[in-house]
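Here's the structure we're looking at; comments come further down.
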Amino acid sequence: MQIAPTKELSPYIKHYLFLENEGTLLQKLRLFSDGNTGIVITIRGNFISNTYGTKTLNYPNSFLYGQISTFKDLYLAEKTSIIIVVFQPYGFNHLLGIPANEIREGIIATEDIFGNKHSLLYEKLSERSCLKTKIQILNAFFIDQAAKKLLSNQNLIHSTLNYILKNKGAITVNHLVKYTGYSERHIERIFNECIGLNPKKFGNIVKLHFFLNLLKYKSSQNNITDLCYEAGYADQSHLIKEFKKYTGITPTQYLNKTNRLAINFMEIRSGEIPMSDLYNLQKNP
């Protein structure tokens with residue numbers, strides 16, 4: 001279930017995602033980039049990064065993940081309850097004042113960021129079963145963490161992101177130089193600091209997700225080739241190459257062989273994609 005935060009937090013947090021796994025079997029999930037970072041809080045059960053026969057590697061019960069450049073496979077064992085806080089592209093940097101490029105491809109235990117406040121948050125969330133109460137707890141926690149002063153580069157990053165989104169990711173750095181009046185070097189620095197990705201990579205992700213939204217609502221009259229051109233890809237082979245780079249599967253597999261929990265977070269149905277193809281979220285690609 002996907003829930004928006006309070007309006008006060010909307011500049012920082014995109015949404016909260018609540019996931020429940022009631023089964024006893026290992027559930028394989030795949031995460032790929034949507035241009036955002038986030039926090040994963042495991043209230044119940046085990047969240048596993050990899051499996052080696054009978055050996056497993058477990059994540060901390062709460063961790064922050066940075067921007068990722070390719071897909072990552074995660075596993076849920078037994079009955080599991082998870083909350084994911086999905087930040088806006090610049091939300092982590094604006095909310096906490098930490099450069100986003102410092103956590104790129106990384107996993108950091110939440111207690112290393114928030115200290116004792118993390119333990120209190122986890123305890124409150126674990127004690128409360130009511131969804132409405134959990135949302136109130138999360139909102140109160142992040143309102144308390146919100147920066148007390150505006151960062152000097154907020155206006156630039158906000159307007160530039162809106163420009164990229166308006167153009168569905170089909171931009172070049174030269175476009176951004178002309179649009180902002182700043183140098184390519186300055187724009188690159190601001191993007192890496194605030195978002196954790198350079199403008200080109202962020203634009204590619206925006207473009208992919210524009211295609212995914214077209215795919216989500218496609219009618220029987222539309223085929224993937226039509227949508228690929230509408231999204232700005234040169235041809236279908238280019239689309240499939242980019243799609244597999246970020247997701248590890250083709251658009252057809254995405255539609256027919258996954259159970260989508262969010263647009264960039266999906267359950268891989270057993271037997272459809274080899275379970276031997278394992279990725280450790282804690283390793284760089």
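As shown in the structure tokens, the chain order sets the letters A, B, ...; within each chain, residues go from 1, and ligands are also counted from 1 in the order they appear.
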Using only C-alpha atoms, tabulate the residues of segment 42-134 of chain A lying at most 12 Å from any atom of segment 161-170 of chain A, each with its closest atom pair and that distance in Å to one decimal, by chain and increasing residue number, as CSV.
residue,atom,partner,partner_atom,distance
A:Gln88,CA,A:Leu161,CA,10.8
A:Pro89,CA,A:Leu161,CA,8.8
A:Tyr90,CA,A:Leu161,CA,9.4
Residues as selected, C-alpha atoms, written as a compact mmCIF listing (two decimals), in the first residue's frame, can you do that?
# COMPACT_ATOMS: atom_id res chain seq x y z
CA GLN A 88 11.97 12.86 -3.40
CA PRO A 89 15.03 12.85 -5.74
CA TYR A 90 16.65 15.60 -3.62
Helix (DSSP H, G or I) call set, DSSP backbone run, segment 16-151 of chain A, as a ChimeraX atom specification: /A:91-96,100-103,110-114,116-127,131-145
Per-residue nearest contacts of segment 139-258 of chain A to segment 101-112 of chain A (12 Å; only C-alpha atoms) as a tab-separated table:
residue	atom	partner	partner_atom	distance
A:Glu188	CA	A:Asn101	CA	11.4
A:Arg189	CA	A:Asn101	CA	9.8
A:Ile190	CA	A:Asn101	CA	10.2
A:Phe191	CA	A:Asn101	CA	8.9
A:Asn192	CA	A:Asn101	CA	5.5
A:Glu193	CA	A:Asn101	CA	5.6
A:Cys194	CA	A:Asn101	CA	7.7
A:Ile195	CA	A:Asn101	CA	7.2
A:Gly196	CA	A:Asn101	CA	4.1
A:Leu197	CA	A:Asn101	CA	7.2
A:Asn198	CA	A:Asn101	CA	9.7
Polymer residues at most 8 Å from Ile3 of chain A, only C-alpha atoms, same-chain spacing of 4 or more positions, as a PyMOL selection string: chain A and resi 15-17
Among the residues A:Gly35, A:Leu156, A:Gly232, A:Lys200, the one that comes closest to Tyr179 of chain A [using only C-alpha atoms]: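 The shortest atom-to-atom distance to Tyr179 of chain A comes from A:Leu156.
Taking only C-alpha atoms into account, Gly91 of chain A lies nearest to A:Gln145 out of the set A:Asn46, A:Ser237, A:Ser62, A:Gln145.
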Nearby residues (only C-alpha atoms) at most 7 Å from segment 32-34 of chain A, same-chain spacing under 3 positions excluded, as a ChimeraX atom specification: /A:68-72,205,246-247,264-265
What would the file look like if the residues just selected were written as a PDB file, in the first residue's frame with C-alpha atoms?
ATOM      1  CA  ILE A  68      21.382   2.607  -7.518  1.00  0.00           C
ATOM      2  CA  SER A  69      22.618   2.295 -11.092  1.00  0.00           C
ATOM      3  CA  THR A  70      21.201  -1.164 -11.801  1.00  0.00           C
ATOM      4  CA  PHE A  71      18.611  -3.556 -10.394  1.00  0.00           C
ATOM      5  CA  LYS A  72      19.003  -5.278  -7.036  1.00  0.00           C
ATOM      6  CA  ILE A 205      15.703   7.165 -15.470  1.00  0.00           C
ATOM      7  CA  TYR A 246      17.932  -0.987 -15.357  1.00  0.00           C
ATOM      8  CA  THR A 247      15.505  -3.843 -14.605  1.00  0.00           C
ATOM      9  CA  ASN A 264      10.029   0.052  -9.582  1.00  0.00           C
ATOM     10  CA  PHE A 265       9.599  -2.690  -6.968  1.00  0.00           C
TER      11      PHE A 265
END
Atom pair atom CA of Ala146 of chain A / atom CA of Ser159 of chain A: separation (Å):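 Atom CA of Ser159 of chain A lies at a distance of 20.7 Å from atom CA of Ala146 of chain A.
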Residue nearest Lys201 of chain A - candidates A:Leu255, A:Ile263, A:Val173, A:Val85, atoms counted: only C-alpha atoms: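 Residue with the minimum atom-to-atom distance to Lys201 of chain A: A:Val173.
Remark: for Gly66 of chain A, the closest of the candidate residues A:Asn36, A:Thr258, A:Asn21, A:Thr80 is A:Asn36 (distances computed over only C-alpha atoms).
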Among listed residues A:His118, A:Lys257, A:Lys79, A:Arg30, nearest Phe63 of chain A (using only C-alpha atoms):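 Closest to Phe63 of chain A, using only C-alpha atoms: A:His118.
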Selection near Asn139 of chain A, 10 Å with only C-alpha atoms, sequence-local residues under 2 positions removed, as a list of chain:residue names: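 Counting only C-alpha atoms, the residues come to A:Pro5, A:Thr6, A:Lys7, A:Glu8, A:Leu9, A:Ile13, A:Tyr16, A:Thr133, A:Lys134, A:Ile135, A:Gln136, A:Ile137, A:Phe141, A:Phe142, A:Ile143, A:Asp144, A:Gln145.
Comparing the minimum interatomic distances between Leu120 of chain A and each of A:Leu138, A:Ile84, A:Ile98, A:Ala231, counting only C-alpha atoms, we find that A:Leu138 sits nearest.
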Per-residue DSSP, segment 75-253 of chain A, filtered to strand (DSSP E or B), as a count of residues only: 16
Distance of atom CA of Ala234 of chain A from atom CA of Lys216 of chain A, expressed in Å to one decimal place: 20.5 Å
